[in-house]
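Novice: What follows is target.txt, made up of compact mmCIF, C-alpha atoms:
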```txt
# COMPACT_ATOMS: atom_id res chain seq x y z
CA MET A 1 -36.68 27.12 2.42
CA GLY A 2 -35.28 30.54 3.30
CA ASN A 3 -32.98 31.73 6.06
CA ARG A 4 -35.97 32.59 8.29
CA ASP A 5 -37.16 28.98 8.14
CA LEU A 6 -33.72 27.75 9.23
CA GLU A 7 -33.63 30.22 12.11
CA ALA A 8 -37.13 29.30 13.16
CA GLY A 9 -36.22 25.66 13.60
CA GLY A 10 -36.89 24.38 10.09
CA ALA A 11 -33.42 22.89 9.88
CA SER A 12 -34.74 19.41 10.53
CA GLU A 13 -35.42 19.03 6.82
CA VAL A 14 -31.80 19.77 5.90
CA PRO A 15 -29.62 16.65 5.88
CA THR A 16 -26.89 16.93 8.49
CA GLU A 17 -24.80 14.10 7.12
CA ILE A 18 -23.67 13.48 3.56
CA PRO A 19 -23.68 9.76 2.76
CA ASP A 20 -20.24 8.56 1.81
CA ARG A 21 -21.28 5.37 0.08
CA ALA A 22 -22.87 4.82 -3.28
CA PRO A 23 -26.48 3.64 -3.41
CA ALA A 24 -26.93 -0.07 -2.79
CA SER A 25 -27.68 -0.68 -6.47
CA SER A 26 -24.12 0.12 -7.57
CA GLY A 27 -22.63 -2.64 -5.43
CA SER A 28 -19.31 -0.91 -4.65
CA LEU A 29 -17.80 2.18 -3.11
CA ARG A 30 -17.63 5.30 -5.19
CA LEU A 31 -14.23 6.44 -6.37
CA ARG A 32 -14.28 9.46 -4.07
CA ASP A 33 -14.64 7.18 -1.03
CA LYS A 34 -11.14 5.76 -1.45
CA GLN A 35 -8.12 7.94 -0.87
CA ARG A 36 -6.18 8.20 -4.10
CA GLY A 37 -2.47 7.63 -4.34
CA VAL A 38 -0.14 10.49 -3.48
CA THR A 39 2.87 11.33 -5.66
CA ILE A 40 5.96 12.90 -4.14
CA ALA A 41 8.26 14.60 -6.65
CA ARG A 42 12.00 13.96 -6.48
CA LYS A 43 12.70 17.68 -5.96
CA GLN A 44 10.33 17.75 -2.99
CA MET A 45 12.07 14.71 -1.45
CA LEU A 46 15.49 16.35 -1.88
CA ARG A 47 14.21 19.60 -0.37
CA GLU A 48 12.84 17.76 2.67
CA ARG A 49 16.06 15.76 3.01
CA ARG A 50 18.13 18.97 3.00
CA GLN A 51 15.87 20.48 5.65
CA LEU A 52 16.14 17.39 7.88
CA LEU A 53 19.91 17.39 7.40
CA GLU A 54 20.14 21.05 8.44
CA GLU A 55 18.03 20.37 11.53
CA GLY A 56 20.08 17.29 12.41
CA ARG A 57 17.02 15.05 12.22
CA LEU A 58 18.01 12.93 9.20
CA PRO A 59 17.35 9.30 10.12
CA VAL A 60 20.23 6.84 9.96
CA ILE A 61 19.77 4.31 7.18
CA VAL A 62 20.64 0.83 8.39
CA ASP A 63 22.12 -1.58 5.86
CA TYR A 64 20.41 -4.97 5.77
CA GLU A 65 20.27 -8.04 3.60
CA ARG A 66 17.27 -8.11 1.34
CA PRO A 67 16.19 -10.72 -1.20
CA THR A 68 17.47 -10.36 -4.75
CA GLU A 69 15.49 -13.25 -6.27
CA ARG A 70 11.93 -14.53 -5.96
CA THR A 71 13.10 -17.84 -4.51
CA GLN A 72 14.61 -15.96 -1.55
CA CYS A 73 11.40 -14.19 -0.55
CA ARG A 74 8.61 -16.52 -1.73
CA HIS A 75 8.12 -18.07 1.70
CA ASP A 76 9.01 -15.03 3.82
CA LYS A 77 6.59 -13.70 6.39
CA ARG A 78 3.77 -11.50 5.05
CA PRO A 79 3.10 -8.63 4.85
CA CYS A 80 6.35 -8.09 2.98
CA LEU A 81 8.34 -5.29 4.59
CA TYR A 82 10.70 -4.73 1.62
CA VAL A 83 8.84 -1.66 0.36
CA ALA A 84 11.75 -0.79 -1.97
CA CYS A 85 11.17 -3.97 -3.98
CA ARG A 86 9.85 -3.24 -7.45
CA TYR A 87 7.01 -5.74 -6.93
CA HIS A 88 5.79 -4.27 -3.65
CA LEU A 89 2.29 -2.79 -3.94
CA TYR A 90 2.67 -0.03 -1.33
CA LEU A 91 4.56 2.39 -3.54
CA ASP A 92 5.79 2.86 -7.11
CA VAL A 93 8.93 4.66 -8.24
CA HIS A 94 8.80 6.35 -11.64
CA PRO A 95 11.81 5.03 -13.58
CA ARG A 96 12.55 8.28 -15.42
CA THR A 97 11.78 11.02 -12.89
CA GLY A 98 12.45 9.17 -9.63
CA SER A 99 9.20 10.44 -8.11
CA ILE A 100 7.43 8.16 -5.66
CA LYS A 101 3.73 7.37 -5.73
CA ILE A 102 2.34 6.08 -2.46
CA ASN A 103 -0.59 3.91 -3.52
CA PHE A 104 -2.22 3.69 -0.10
CA PRO A 105 -1.55 6.98 1.74
CA ASP A 106 -4.21 6.22 4.35
CA LYS A 107 -2.71 2.85 5.36
CA ASP A 108 0.50 1.49 6.80
CA VAL A 109 2.29 -1.39 5.08
CA HIS A 110 1.17 -3.92 7.68
CA GLU A 111 -2.49 -2.95 7.05
CA LEU A 112 -2.46 -4.07 3.39
CA GLU A 113 -4.12 -7.36 2.54
CA GLU A 114 -1.71 -7.96 -0.36
CA THR A 115 1.81 -6.53 -0.47
CA CYS A 116 3.54 -8.42 -3.30
CA ALA A 117 2.45 -8.37 -6.94
CA LEU A 118 4.26 -11.67 -7.49
CA ASP A 119 2.11 -13.38 -4.83
CA VAL A 120 -1.02 -12.15 -6.61
CA ALA A 121 0.31 -13.32 -9.99
CA GLU A 122 1.15 -16.79 -8.65
CA ARG A 123 -2.34 -17.10 -7.23
CA GLY A 124 -3.74 -16.44 -10.73
CA GLY A 125 -7.32 -15.94 -11.89
CA VAL A 126 -7.78 -12.42 -10.55
CA THR A 127 -10.62 -10.25 -11.86
CA LEU A 128 -10.28 -6.60 -12.84
CA GLU A 129 -12.22 -5.60 -9.72
CA GLU A 130 -9.86 -7.56 -7.46
CA VAL A 131 -6.79 -6.07 -9.14
CA GLY A 132 -8.33 -2.61 -8.78
CA GLU A 133 -8.81 -3.16 -5.04
CA ILE A 134 -5.29 -4.50 -4.63
CA MET A 135 -3.70 -1.58 -6.51
CA ASN A 136 -6.09 1.17 -5.33
CA LEU A 137 -7.22 1.90 -8.90
CA THR A 138 -10.53 1.65 -10.70
CA ARG A 139 -11.56 -1.35 -12.76
CA GLU A 140 -11.48 0.82 -15.90
CA ARG A 141 -7.91 1.99 -15.23
CA ILE A 142 -6.81 -1.62 -14.75
CA ARG A 143 -8.44 -2.55 -18.07
CA GLN A 144 -6.59 0.32 -19.79
CA VAL A 145 -3.23 -0.76 -18.33
CA GLU A 146 -3.90 -4.34 -19.38
CA SER A 147 -4.74 -3.34 -22.97
CA GLN A 148 -1.63 -1.11 -23.16
CA GLY A 149 0.54 -4.00 -21.94
CA LEU A 150 -0.97 -6.41 -24.46
CA GLU A 151 -0.43 -3.85 -27.23
CA LYS A 152 3.23 -3.53 -26.26
CA LEU A 153 3.58 -7.30 -26.35
CA ARG A 154 2.08 -7.39 -29.85
CA ASP A 155 4.30 -4.58 -31.15
CA ASP A 156 7.64 -5.43 -29.58
CA ASP A 157 8.55 -8.99 -30.40
CA GLU A 158 7.07 -11.94 -32.22
CA THR A 159 8.59 -14.35 -29.70
CA LEU A 160 6.42 -12.81 -26.97
CA ASN A 161 3.20 -13.77 -28.78
CA SER A 162 3.05 -16.97 -26.72
CA PHE A 163 1.93 -14.82 -23.77
CA LEU A 164 -1.08 -13.57 -25.72
CA ASP A 165 -2.73 -16.99 -26.15
```
Kindly transcribe the structure held in the file into structure tokens.

Specialist:
Amino acid sequence: MGNRDLEAGGASEVPTEIPDRAPASSGSLRLRDKQRGVTIARKQMLRERRQLLEEGRLPVIVDYERPTERTQCRHDKRPCLYVACRYHLYLDVHPRTGSIKINFPDKDVHELEETCALDVAERGGVTLEEVGEIMNLTRERIRQVESQGLEKLRDDDETLNSFLD
């Protein structure tokens, strides 16, 4: 169909909306339908902090008591608001670079169904698909992480082999 056809009213054959879901046969959303995690580099965070400081808009950080052991937070209200906890699913901090990866940039913490990796682990029996949904990753990426972890267990220490059975 040429430009003349479009101008003459032939635009009805052109789809006006791009479907955002995979065909029904695939059974799940396509990867592009979910917003991927966003990583913020440490340098960028420092730059933004300096700018806020210069403008006098740096928020005051309030000191508060937060749990240091699992027994202290196991029965706390959910969703867990301690985003800085290493087991919180909302964000990850890279141990070497200090960069932050926000796993769910399109959601607030209170919108997550699961917020604590330890709660998920205690529940047990979670499939790769469920873990992928919880962590905003694909099933294949979860399988890769699992195999890398098992490989590390095999290589590091013979006493850890009890976890492999």

Novice: Return the single residue from A:Lys77, A:His110, A:Lys34, A:Arg57 that is closest to A:Met135, with distances computed using all atoms listed in the file.

Specialist: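 Of A:Lys77, A:His110, A:Lys34, A:Arg57, the one nearest A:Met135 is A:Lys34, counting all atoms listed in the file.
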
Novice: Which residues, written as a ChimeraX atom specification, have at least one atom at most 12 Å from stretch 65-74 of chain A, with only C-alpha atoms counted and residues fewer than 5 positions away on the same chain left out?

Specialist: /A:79-88,116-120,122

Novice: Give me, please, the distance in Å between atom CA of A:Thr39 and atom CA of A:Ser99, quoted to one decimal.

Specialist: 6.8 Å

Novice: Suppose you want the space between atom CA of A:Glu114 and atom CA of A:Val60; what is it in Å?

Specialist: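 Calculated distance between atom CA of A:Glu114 and atom CA of A:Val60 is 28.4 Å.
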
Novice: Counting only C-alpha atoms, what is within 9 Å of A:Tyr90, bar same-chain residues fewer than 6 positions away, as an mmCIF file with C-alpha atoms, in the coordinates of the input?

Specialist:
```
data_model
loop_
_atom_site.group_PDB
_atom_site.id
_atom_site.type_symbol
_atom_site.label_atom_id
_atom_site.label_comp_id
_atom_site.auth_asym_id
_atom_site.auth_seq_id
_atom_site.Cartn_x
_atom_site.Cartn_y
_atom_site.Cartn_z
ATOM 1 C CA VAL A 83 8.840 -1.660 0.360
ATOM 2 C CA LYS A 101 3.730 7.370 -5.730
ATOM 3 C CA ILE A 102 2.340 6.080 -2.460
ATOM 4 C CA ASN A 103 -0.590 3.910 -3.520
ATOM 5 C CA PHE A 104 -2.220 3.690 -0.100
ATOM 6 C CA PRO A 105 -1.550 6.980 1.740
ATOM 7 C CA ASP A 108 0.500 1.490 6.800
ATOM 8 C CA VAL A 109 2.290 -1.390 5.080
ATOM 9 C CA LEU A 112 -2.460 -4.070 3.390
ATOM 10 C CA THR A 115 1.810 -6.530 -0.470
ATOM 11 C CA CYS A 116 3.540 -8.420 -3.300
ATOM 12 C CA MET A 135 -3.700 -1.580 -6.510
#
```
